[in-house]
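Student: Structure provided below as structure tokens; questions to follow.
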Amino acid sequence: MKKNWKVFGTSTLLAVTLVFGLVLSSAFGSPAVFPGRGNSNPFGVNDQTEQPQMQMILENESKYGFAETVELFEQNVAAAGWSVVGVYDYKEILAQKGFDILDIKIFALCSGKYSAAILELDHERMVSPLMPCTISIYEKSDGKTYIAQLNAGEMAAPFGGVVAEVMEAVAIDTAAMVENLIK
């Protein structure tokens with residue numbers, strides 16, 4: 001008899017998946033690939049096992065102050081043939097809500113050739129939540145400016161195929177956009 005999983009609903013499937021994961025975890029131990037154990041280092045190397053982890057986010061210190069980094073970055077994006085489809089000034093957004101934070105702008109970037117290569121294919125469209133590419137420029141309390149971005153090449157590698165190929169090219173392009181800005 002063929003089972004139709006749609007009748008169970010999303011929450012039931014999520015619960016089954018969670019229970020299955022807990023059973024596997026208790027039987028075989030927690031996998032070392034979960035980053036940061038206790039959030040101690042969620043995006044890098046797990047110091048407790050010394051096993052390299054996928055670095056999900058790349059953060060680099062800028063050679064410049066915030067305003068100059070933003071200006072030079074926007075020039076680099078245009079020179080690379082990409083588009084800025086949105087800029088989110090979180091300092092301004094949160095100031096409207098009564099919060100005072102250090103400068104941070106999050107840039108939503110798009111390259112038509114890369115977006116089309118993924119979005120024209122039905123199965124690959126599922127990675128659309130990773131789009132557009134985002135790069136953040138922000139200040140920290142140390143007075144320095146930083147640039148952070150998703151490590152697109154590593155994040156997409158498990159998908160394989162077109163997604164991995166396209167995202168590896170995206171990673172190369174976006175790294176070039178910040179290369180002359182970082183220390």
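As shown in the structure tokens, the chain order sets the letters A, B, ...; within each chain, residues go from 1, and ligands are also counted from 1 in the order they appear.
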Got a sec: who's within 7 Å of segment 103-120 of chain A, counting only C-alpha atoms, leaving out chain neighbours fewer than 4 positions off, as a list of chain:residue names?

Tutor: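 Final neighbour list, sorted by chain and number: A:Trp82, A:Ser83, A:Val84, A:Val85, A:Gly86, A:Val87, A:Tyr88, A:Asp89, A:Tyr90, A:Lys91, A:Glu124, A:Arg125, A:Pro132, A:Cys133, A:Thr134, A:Ile135, A:Ser136, A:Ile137, A:Tyr138, A:Glu139, A:Val163, A:Val166.
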
Student: Just the number, please: distance in Å from atom CA of Ala169 of chain A to atom CA of Met54 of chain A, one decimal.

Tutor: 18.1 Å

Student: Between A:Leu94, A:Val70, A:Ile101, A:Ile57, which is the closest to Lys140 of chain A once you count only C-alpha atoms?

Tutor: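 For Lys140 of chain A, the nearest of the candidates is A:Ile101.
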
Student: Could you tell me how far atom CA of Glu168 of chain A sits from atom CA of Tyr146 of chain A, in Å to one decimal place?

Tutor: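 It comes out at 22.6 Å.
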
Student: Hey, which of A:Ala67, A:Val170, A:Leu58, A:Val127 ends up closest to Leu150 of chain A? Count only C-alpha atoms.

Tutor: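 Closest residue, counting only C-alpha atoms: A:Leu58.
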
Student: Just how far from atom CA of Ala156 of chain A is atom CA of Asn60 of chain A, in Å to one decimal?

Tutor: 20.8 Å

Student: Per DSSP on the backbone, what are the strand (DSSP E) residues of segment 106-158 of chain A, as JSON, numbers by chain?

Tutor: {"A": [106, 107, 108, 109, 110, 133, 134, 135, 136, 137, 138, 139, 145, 146, 147, 148, 149, 150]}

Student: Hey, what's within 7 Å of Ala171 of chain A if we count only C-alpha atoms and toss same-chain stuff fewer than 2 positions away? As a PyMOL selection string, please?

Tutor: chain A and resi 151-153+167-169+173-175

Student: Which is closest to Leu102 of chain A among A:Ser62, A:Asn180, A:Ser141, A:Gln55, if we use only C-alpha atoms?

Tutor: A:Ser141
